[in-house]
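J.: Handing you this structure, nothing more for now.
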Amino acid sequence: MLNDIERIWVIGASTGIGKALVTALAKFDKSIITSARSEDKLDALCGQTPSKCEPQTLDITNDSACQAVVEKLQSTYPSIDMVVVNAGTCEYIDSDEIDMSSIKRVMDTNFTAAVSTINAALPLLRESAKQGKTPKLVVMSSSVTYQALPRAHVYGASKAALRYFTECL
């Protein structure tokens, strides 16, 4: 799967699954661009990887910041061969008092910002295809989309929306 992959952009790389993914991908000697809100965590992660790792601080809920990172990547690299959209958040809510601000924050991050990030990254992947490669778009959802969990109302809904949207792509 990684044969024609040279450059990978992992968004949401500073903790959890994203961090573990960067660590695993680094073993394949690929060029990895890491993004997340925490510059310190990205710097530390890139300092621990044996392959070429470049941190790009990014809050995906900021459309202009996302576009600026994409433009920087376009000017630096001929293409990006794999984009992993992994950034997300979770806030639990109680059914007896639904917190609309919590719902808005989680939906904005896990669905709206993720889709905006995908949209911004598509030109990078299309350029990879023009070079004869098979670009990959990887979008992290959750198994919670198949089974409702208590207090995970908005998290599950946001990940289900993201799964549905990307399956339609």
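Labeling convention for the structure tokens: chains A, B, ... as they appear, residues from 1 per chain, ligands from 1 in order of appearance.
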Could you pull out the residues in stretch 52-87 of chain A that DSSP calls alpha helix (DSSP H) from the backbone, as a ChimeraX atom specification?

T.: /A:63-76

J.: May I have the selected residues written with N, CA, C and O atoms, as a PDB file, in the first residue's frame?

T.:
```
ATOM      1  N   ASP A  63     -10.355  27.988   8.816  1.00  0.00           N
ATOM      2  CA  ASP A  63     -10.260  27.753   7.371  1.00  0.00           C
ATOM      3  C   ASP A  63      -9.070  28.453   6.734  1.00  0.00           C
ATOM      4  O   ASP A  63      -8.384  27.882   5.882  1.00  0.00           O
ATOM      5  N   SER A  64      -8.817  29.696   7.113  1.00  0.00           N
ATOM      6  CA  SER A  64      -7.717  30.434   6.488  1.00  0.00           C
ATOM      7  C   SER A  64      -6.366  29.829   6.882  1.00  0.00           C
ATOM      8  O   SER A  64      -5.444  29.778   6.074  1.00  0.00           O
ATOM      9  N   ALA A  65      -6.238  29.347   8.122  1.00  0.00           N
ATOM     10  CA  ALA A  65      -5.000  28.693   8.544  1.00  0.00           C
ATOM     11  C   ALA A  65      -4.791  27.396   7.770  1.00  0.00           C
ATOM     12  O   ALA A  65      -3.668  27.078   7.358  1.00  0.00           O
ATOM     13  N   CYS A  66      -5.870  26.667   7.553  1.00  0.00           N
ATOM     14  CA  CYS A  66      -5.787  25.421   6.798  1.00  0.00           C
ATOM     15  C   CYS A  66      -5.346  25.699   5.362  1.00  0.00           C
ATOM     16  O   CYS A  66      -4.459  25.034   4.828  1.00  0.00           O
ATOM     17  N   GLN A  67      -5.948  26.705   4.753  1.00  0.00           N
ATOM     18  CA  GLN A  67      -5.579  27.053   3.382  1.00  0.00           C
ATOM     19  C   GLN A  67      -4.123  27.518   3.308  1.00  0.00           C
ATOM     20  O   GLN A  67      -3.406  27.194   2.357  1.00  0.00           O
ATOM     21  N   ALA A  68      -3.662  28.234   4.331  1.00  0.00           N
ATOM     22  CA  ALA A  68      -2.269  28.701   4.358  1.00  0.00           C
ATOM     23  C   ALA A  68      -1.294  27.528   4.433  1.00  0.00           C
ATOM     24  O   ALA A  68      -0.261  27.530   3.757  1.00  0.00           O
ATOM     25  N   VAL A  69      -1.624  26.512   5.228  1.00  0.00           N
ATOM     26  CA  VAL A  69      -0.762  25.334   5.310  1.00  0.00           C
ATOM     27  C   VAL A  69      -0.750  24.608   3.972  1.00  0.00           C
ATOM     28  O   VAL A  69       0.307  24.205   3.481  1.00  0.00           O
ATOM     29  N   VAL A  70      -1.914  24.458   3.348  1.00  0.00           N
ATOM     30  CA  VAL A  70      -1.980  23.800   2.040  1.00  0.00           C
ATOM     31  C   VAL A  70      -1.139  24.563   1.020  1.00  0.00           C
ATOM     32  O   VAL A  70      -0.368  23.958   0.259  1.00  0.00           O
ATOM     33  N   GLU A  71      -1.258  25.874   0.993  1.00  0.00           N
ATOM     34  CA  GLU A  71      -0.465  26.675   0.053  1.00  0.00           C
ATOM     35  C   GLU A  71       1.029  26.524   0.315  1.00  0.00           C
ATOM     36  O   GLU A  71       1.825  26.441  -0.626  1.00  0.00           O
ATOM     37  N   LYS A  72       1.419  26.467   1.580  1.00  0.00           N
ATOM     38  CA  LYS A  72       2.827  26.259   1.917  1.00  0.00           C
ATOM     39  C   LYS A  72       3.295  24.895   1.420  1.00  0.00           C
ATOM     40  O   LYS A  72       4.381  24.760   0.846  1.00  0.00           O
ATOM     41  N   LEU A  73       2.469  23.872   1.639  1.00  0.00           N
ATOM     42  CA  LEU A  73       2.830  22.529   1.178  1.00  0.00           C
ATOM     43  C   LEU A  73       2.926  22.481  -0.347  1.00  0.00           C
ATOM     44  O   LEU A  73       3.830  21.858  -0.898  1.00  0.00           O
ATOM     45  N   GLN A  74       1.994  23.154  -1.035  1.00  0.00           N
ATOM     46  CA  GLN A  74       2.024  23.187  -2.505  1.00  0.00           C
ATOM     47  C   GLN A  74       3.292  23.855  -3.023  1.00  0.00           C
ATOM     48  O   GLN A  74       3.818  23.462  -4.057  1.00  0.00           O
ATOM     49  N   SER A  75       3.761  24.871  -2.312  1.00  0.00           N
ATOM     50  CA  SER A  75       4.965  25.559  -2.765  1.00  0.00           C
ATOM     51  C   SER A  75       6.242  24.804  -2.397  1.00  0.00           C
ATOM     52  O   SER A  75       7.289  25.027  -2.997  1.00  0.00           O
ATOM     53  N   THR A  76       6.153  23.908  -1.425  1.00  0.00           N
ATOM     54  CA  THR A  76       7.330  23.171  -0.959  1.00  0.00           C
ATOM     55  C   THR A  76       7.480  21.821  -1.651  1.00  0.00           C
ATOM     56  O   THR A  76       8.590  21.401  -1.953  1.00  0.00           O
TER      57      THR A  76
END
```

J.: May I have a table of the residues of stretch 77-125 of chain A lying at most 12 Å from stretch 20-40 of chain A, giving each one's closest pair of atoms and their distance in Å to one decimal, counting only C-alpha atoms, ordered by chain and ascending residue number, as a tab-separated table?

T.:
```
residue	atom	partner	partner_atom	distance
A:Tyr77	CA	A:Ser31	CA	10.5
A:Ser79	CA	A:Ser31	CA	11.5
A:Ile80	CA	A:Ile33	CA	9.3
A:Asp81	CA	A:Ser31	CA	10.0
A:Met82	CA	A:Ile32	CA	9.5
A:Val83	CA	A:Ile33	CA	9.4
A:Val84	CA	A:Leu21	CA	9.5
A:Val85	CA	A:Ser35	CA	9.7
A:Asn86	CA	A:Ala36	CA	9.5
A:Ala87	CA	A:Ala36	CA	7.3
A:Gly88	CA	A:Ala36	CA	10.0
A:Thr89	CA	A:Ala36	CA	12.0
A:Thr117	CA	A:Ser35	CA	11.4
```

J.: Identify which of the residues A:Ile5, A:Thr166, A:Ile60, A:Leu45 lies closest to A:Ala129, counting only C-alpha atoms when measuring atom-to-atom distances.

T.: A:Ile5

J.: Can you tell me which residues surround A:Tyr155 at a distance of at most 9 Å, considering only C-alpha atoms, apart from same-chain residues fewer than 6 positions away, and format the answer as number ranges by chain?

T.: A: 89-92, 103, 106-107, 110, 144-145

J.: How many Å separate atom CA of A:Asn119 from atom CA of A:Lys159?

T.: 17.1 Å

J.: Between atom CA of A:Cys168 and atom CA of A:Tyr146, what is the distance, to one decimal in Å?

T.: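 That distance, rounded to one decimal, is 17.2 Å.
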
J.: Leaving out stretch 93-100 of chain A and any residue of its chain fewer than 5 positions from it, which residues lie within 7 Å of it when counting only C-alpha atoms, given as a PyMOL selection string?

T.: chain A and resi 151-153

J.: Filtering to C-alpha atoms, could you give me those residues as a PDB file, in the first residue's frame?

T.:
```pdb
ATOM      1  CA  ARG A 151     -23.468  10.449  26.470  1.00  0.00           C
ATOM      2  CA  ALA A 152     -21.743  10.212  23.046  1.00  0.00           C
ATOM      3  CA  HIS A 153     -24.684  11.790  21.211  1.00  0.00           C
TER       4      HIS A 153
END
```

J.: Extract the full set of strand (DSSP E or B) residues from chain A according to DSSP on the backbone, and format it as a PyMOL selection string.

T.: chain A and resi 7-11+31-36+53-57+82-85+94+97+136-139

J.: Mind writing the picked residues with N, CA and C atoms as a tab-separated table (two decimals), in the first residue's frame?

T.:
```tsv
chain	number	residue	atom	x	y	z
A	7	ARG	N	5.21	11.10	0.32
A	7	ARG	CA	4.89	12.11	1.32
A	7	ARG	C	3.52	11.87	1.91
A	8	ILE	N	3.45	11.94	3.24
A	8	ILE	CA	2.20	11.70	3.96
A	8	ILE	C	1.95	12.89	4.88
A	9	TRP	N	0.73	13.40	4.84
A	9	TRP	CA	0.33	14.49	5.74
A	9	TRP	C	-0.67	13.92	6.73
A	10	VAL	N	-0.28	13.89	8.01
A	10	VAL	CA	-1.14	13.39	9.07
A	10	VAL	C	-1.66	14.58	9.87
A	11	ILE	N	-2.96	14.79	9.82
A	11	ILE	CA	-3.62	15.90	10.51
A	11	ILE	C	-4.26	15.35	11.78
A	31	SER	N	8.49	10.63	3.98
A	31	SER	CA	8.46	12.02	4.41
A	31	SER	C	7.08	12.27	5.02
A	32	ILE	N	7.06	12.74	6.27
A	32	ILE	CA	5.78	12.90	6.97
A	32	ILE	C	5.63	14.36	7.41
A	33	ILE	N	4.51	14.94	7.04
A	33	ILE	CA	4.13	16.26	7.52
A	33	ILE	C	3.11	16.03	8.63
A	34	THR	N	3.34	16.60	9.80
A	34	THR	CA	2.42	16.41	10.91
A	34	THR	C	1.73	17.73	11.21
A	35	SER	N	0.44	17.65	11.49
A	35	SER	CA	-0.32	18.84	11.87
A	35	SER	C	-1.18	18.56	13.08
A	36	ALA	N	-1.30	19.59	13.91
A	36	ALA	CA	-2.17	19.61	15.08
A	36	ALA	C	-2.07	21.01	15.66
A	53	CYS	N	10.48	14.31	9.14
A	53	CYS	CA	9.21	14.69	9.74
A	53	CYS	C	9.18	16.21	9.87
A	54	GLU	N	8.12	16.80	9.34
A	54	GLU	CA	7.99	18.26	9.36
A	54	GLU	C	6.71	18.66	10.08
A	55	PRO	N	6.83	19.43	11.16
A	55	PRO	CA	5.62	19.88	11.85
A	55	PRO	C	5.00	21.11	11.19
A	56	GLN	N	3.70	21.12	11.08
A	56	GLN	CA	2.93	22.26	10.57
A	56	GLN	C	1.77	22.49	11.53
A	57	THR	N	1.91	23.47	12.41
A	57	THR	CA	0.86	23.74	13.38
A	57	THR	C	-0.42	24.15	12.65
A	82	MET	N	-0.46	10.96	0.40
A	82	MET	CA	-1.47	10.46	1.33
A	82	MET	C	-1.80	11.55	2.34
A	83	VAL	N	-3.08	11.77	2.54
A	83	VAL	CA	-3.56	12.71	3.55
A	83	VAL	C	-4.42	11.93	4.53
A	84	VAL	N	-4.07	12.04	5.81
A	84	VAL	CA	-4.81	11.38	6.87
A	84	VAL	C	-5.50	12.46	7.70
A	85	VAL	N	-6.83	12.48	7.65
A	85	VAL	CA	-7.61	13.45	8.42
A	85	VAL	C	-8.05	12.75	9.70
A	94	ASP	N	-25.31	15.12	28.52
A	94	ASP	CA	-26.36	14.39	29.21
A	94	ASP	C	-27.69	14.63	28.51
A	97	GLU	N	-30.23	17.54	29.72
A	97	GLU	CA	-29.98	18.95	29.42
A	97	GLU	C	-28.96	19.02	28.29
A	136	LYS	N	-3.88	8.58	-1.67
A	136	LYS	CA	-4.78	8.01	-0.67
A	136	LYS	C	-5.33	9.11	0.22
A	137	LEU	N	-6.62	9.10	0.45
A	137	LEU	CA	-7.27	9.97	1.43
A	137	LEU	C	-7.80	9.06	2.52
A	138	VAL	N	-7.30	9.26	3.73
A	138	VAL	CA	-7.69	8.45	4.88
A	138	VAL	C	-8.42	9.36	5.85
A	139	VAL	N	-9.64	8.99	6.22
A	139	VAL	CA	-10.44	9.81	7.12
A	139	VAL	C	-10.82	8.97	8.33
```

J.: Using only C-alpha atoms, which of the listed residues (A:Ile118, A:Val154, A:Met140, A:Leu124) sits closest to A:Leu169?

T.: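 Under the stated criterion, the closest residue is A:Ile118.
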
J.: Find the residues around A:Thr112 up to 9 Å (only C-alpha atoms counted), leave out those fewer than 4 positions away in its own chain, and share them as a list in words.

T.: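 So the residues in contact are Thr61, Met107, Asp108, Ser116, Thr117, Ser158 and Leu162 of chain A.
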
J.: Taking only C-alpha atoms into account, name the residue in A:Pro78, A:Ala114, A:Leu149, A:Gly12 that is nearest to A:Glu127.

T.: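 Counting only C-alpha atoms, the residue closest to A:Glu127 is A:Pro78.
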
J.: Just give me the gap between atom CA of A:Ser14 and atom CA of A:Ser143 in Å, one decimal is fine.

T.: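 Straight-line distance from atom CA of A:Ser14 to atom CA of A:Ser143 works out to 21.4 Å.
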